[in-house]
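Below is one structure; the comments refer to it alone.
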Amino acid sequence: MASDLESCRYVPVTSSSAILGDARHLGGLIEPASIDAVITSPPYPNEKDYSRTTRLEAVLLGFMSTQKDLKQHKQQFVRSNTRTVYKTDTDDRWAADFPRVQQLADTIEQRRIELGKTSGFERLYSRVVRLYFGGMARHLEALKPFLRPGAQLAYVVGDQASYFRVMIRTGEILAEIAETLGYTVLGIDLFRTRFSTATKENLREEVVLLRWDGER
Ligand SMILES: C[S@@+](CC[C@H](N)C(=O)[O-])C[C@H]1O[C@@H](n2cnc3c(N)ncnc32)[C@H](O)[C@@H]1O
């Protein structure tokens, strides 16, 4: 990080600001109709607990010091793993109208039953999938009032097969959800592939490109 910062030292800068918040509730954080572009790498359902990657920095920088702080921080996350699911979570309701998400979650649950897997985490796999896509739908809906018509969006997401090897086509499903919510899907670009040792297949990491033309 220090050497990255050093390399930027003499680059002319534009103003920037960092906002700490939950991308599913943007009210009060950003001016309405002020965003021209969104470029982001959101979570995807890969069983990764993102709070772990930055826990040390979060403590050192004083953002959290107790278990309660950690829980509050994790509750701001789009659900993408079984370690960050709470009884009170309701984002799955946002996925109820997407048959593809429901079918996928049902397939995972069916596979669990066939394999006789009964651990608490395994029982949560299908719920994580519903919560994940529901959370992303909620984010895309919450974002609309803050976008300028014509705004372009790029979401980097990866396909996954962490749940009993059932293939989750994250980019494709996200594009379908966005389209249903009124976004125009400009395309899904292949960014790179990653070899999955579980399925012996190349998993696609993609950029979902969207445009927001305003409410029709
Ligand atoms: C795939 S990682 C991307 C990491 C990023 N590219 C970086 O280099 O730090 C997904 C990130 O989304 C963040 N995230 C999860 N839920 C969020 C939410 N509801 N609002 C904002 N960010 C969220 C996670 O904390 C994690 O850092």
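Numbering starts fresh at 1 for the residues of each chain in the structure tokens, the chains themselves are lettered A, B, ... in the order given, and ligands are numbered from 1 as they appear.
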Subject >> Contacts to ligand 1 at 8 Å cut-off (only C-alpha atoms and all ligand atoms) as a VMD selection string >> reply: chain A and resid 20 to 24 40 to 44 50 to 51 53 to 54 76 to 79 135 139 157
**OP:** Assign secondary structure with DSSP using the backbone only, and return the residues of chain A in helix (DSSP H, G or I) as an NGL selection string.
**Re:** :A and (2-8 or 50-53 or 55-60 or 67-75 or 82-84 or 91-95 or 99-115 or 120-146 or 170-180)
**OP:** With a distance cut-off of 8 Å and only C-alpha atoms, select the neighbouring residues of Asp49 (chain A), excluding the residue or stretch itself and same-chain residues fewer than 6 positions from it, and output the selection as a list in words.
**Re:**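 Result of the neighbour search: Ser80, Asn81, Arg83 and Thr84 of chain A.
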**OP:** Go through A:Arg165, A:Phe121, A:Phe146, A:Lys68 and flag the residue nearest Gly28 (chain A), using only C-alpha atoms for the distances.
**Re:**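 Using only C-alpha atoms, Gly28 (chain A) sits closest to A:Phe146.
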Original post:
Residues at most 10 Å from Thr180 (chain A), counting only C-alpha atoms, excluding those fewer than 4 positions away in the same chain, as a PyMOL selection string?
Top reply: chain A and resi 97-98+137+174-176+184
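Counting only C-alpha atoms and comparing A:Tyr86, A:Tyr10, A:Tyr155, A:Trp94, the residue that lies closest to Asp189 (chain A) is A:Tyr155.
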Original post:
Using only C-alpha atoms, which residues sit within 10 Å of Lys144 (chain A) once same-chain residues fewer than 6 positions away are excluded, as a list in words?
Top reply: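 Once the adjacent positions are removed, what remains is Leu26, Pro32, Ala33, Ile35, Ala151, Leu181, Gly182, Tyr183, Trp212, Asp213, Gly214 and Glu215 of chain A.
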Go ahead and save the residues from that selection, with N, CA and C atoms, as a PDB file, in the first residue's frame.
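Ended up saving to result_11.pdb:
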ATOM      1  N   LEU A  26     -29.111   4.312   0.788  1.00  0.00           N
ATOM      2  CA  LEU A  26     -28.210   5.418   0.426  1.00  0.00           C
ATOM      3  C   LEU A  26     -28.749   6.777   0.852  1.00  0.00           C
ATOM      4  N   PRO A  32     -29.420  13.220  -4.391  1.00  0.00           N
ATOM      5  CA  PRO A  32     -30.227  12.569  -5.428  1.00  0.00           C
ATOM      6  C   PRO A  32     -29.762  12.977  -6.835  1.00  0.00           C
ATOM      7  N   ALA A  33     -29.943  12.090  -7.796  1.00  0.00           N
ATOM      8  CA  ALA A  33     -29.599  12.314  -9.217  1.00  0.00           C
ATOM      9  C   ALA A  33     -28.210  12.917  -9.401  1.00  0.00           C
ATOM     10  N   ILE A  35     -25.192  10.743  -9.536  1.00  0.00           N
ATOM     11  CA  ILE A  35     -24.159   9.753  -9.903  1.00  0.00           C
ATOM     12  C   ILE A  35     -24.161   9.506 -11.417  1.00  0.00           C
ATOM     13  N   ALA A 151     -26.681   7.270 -16.579  1.00  0.00           N
ATOM     14  CA  ALA A 151     -25.558   6.768 -15.774  1.00  0.00           C
ATOM     15  C   ALA A 151     -25.197   5.340 -16.203  1.00  0.00           C
ATOM     16  N   LEU A 181     -35.612  -4.617 -12.867  1.00  0.00           N
ATOM     17  CA  LEU A 181     -35.768  -3.390 -12.078  1.00  0.00           C
ATOM     18  C   LEU A 181     -35.710  -2.127 -12.944  1.00  0.00           C
ATOM     19  N   GLY A 182     -35.571  -2.299 -14.275  1.00  0.00           N
ATOM     20  CA  GLY A 182     -35.653  -1.143 -15.174  1.00  0.00           C
ATOM     21  C   GLY A 182     -34.323  -0.663 -15.726  1.00  0.00           C
ATOM     22  N   TYR A 183     -33.241  -1.357 -15.406  1.00  0.00           N
ATOM     23  CA  TYR A 183     -31.938  -1.000 -15.980  1.00  0.00           C
ATOM     24  C   TYR A 183     -31.832  -1.618 -17.378  1.00  0.00           C
ATOM     25  N   TRP A 212     -28.685   3.273 -16.685  1.00  0.00           N
ATOM     26  CA  TRP A 212     -29.943   3.711 -16.077  1.00  0.00           C
ATOM     27  C   TRP A 212     -30.452   4.908 -16.870  1.00  0.00           C
ATOM     28  N   ASP A 213     -31.632   4.761 -17.495  1.00  0.00           N
ATOM     29  CA  ASP A 213     -32.184   5.854 -18.320  1.00  0.00           C
ATOM     30  C   ASP A 213     -33.285   6.601 -17.604  1.00  0.00           C
ATOM     31  N   GLY A 214     -33.459   6.358 -16.339  1.00  0.00           N
ATOM     32  CA  GLY A 214     -34.534   7.016 -15.589  1.00  0.00           C
ATOM     33  C   GLY A 214     -35.770   6.122 -15.576  1.00  0.00           C
ATOM     34  N   GLU A 215     -36.722   6.460 -14.690  1.00  0.00           N
ATOM     35  CA  GLU A 215     -37.952   5.654 -14.587  1.00  0.00           C
ATOM     36  C   GLU A 215     -38.729   5.798 -15.888  1.00  0.00           C
TER      37      GLU A 215
END
Subject >> Neighbour list for Thr107 (chain A) as an NGL selection string, cut-off 8 Å, only C-alpha atoms, skip fewer than 4 positions in-chain >> reply: :A and (103 or 111 or 166)
Original post:
Closest to Gln110 (chain A) among A:Ser126, A:Thr88, A:Thr197, A:Gln67, using only C-alpha atoms?
Top reply: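 Smallest distance to Gln110 (chain A) is found for A:Ser126.
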Original post:
Distance CA of Ile19 (chain A)-CA of Leu143 (chain A), one decimal place?
Top reply: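 CA of Ile19 (chain A) sits 14.7 Å away from CA of Leu143 (chain A).
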Original post:
What's the 9 Å shell around Val129 (chain A), counting only C-alpha atoms, without same-chain residues fewer than 3 positions away, as a PyMOL selection string?
Top reply: chain A and resi 45+79-81+92+101-102+104-105+124-126+132-134+168
Subject >> Which residue of A:Leu29, A:Leu203, A:Val59, A:Ala2 approaches Met167 (chain A) most closely, using only C-alpha atoms >> reply: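 Residue with the minimum atom-to-atom distance to Met167 (chain A): A:Leu203.
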Subject >> Point-to-point distance from CA of Ser34 (chain A) to CA of Arg148 (chain A), Å rounded to tenths >> reply: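 Distance between the two atoms: 5.7 Å.
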Original post:
Which one is closest to Phe191 (chain A): A:Ile113, A:Ile30, A:Ile173, A:Val208? Count only C-alpha atoms.
Top reply: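 Result for the nearest residue to Phe191 (chain A): A:Val208.
Here the question is which of A:Ser162, A:Ile188, A:Ser3, A:Glu109 gets nearest to Arg123 (chain A) using only C-alpha atoms, and that residue is A:Glu109.
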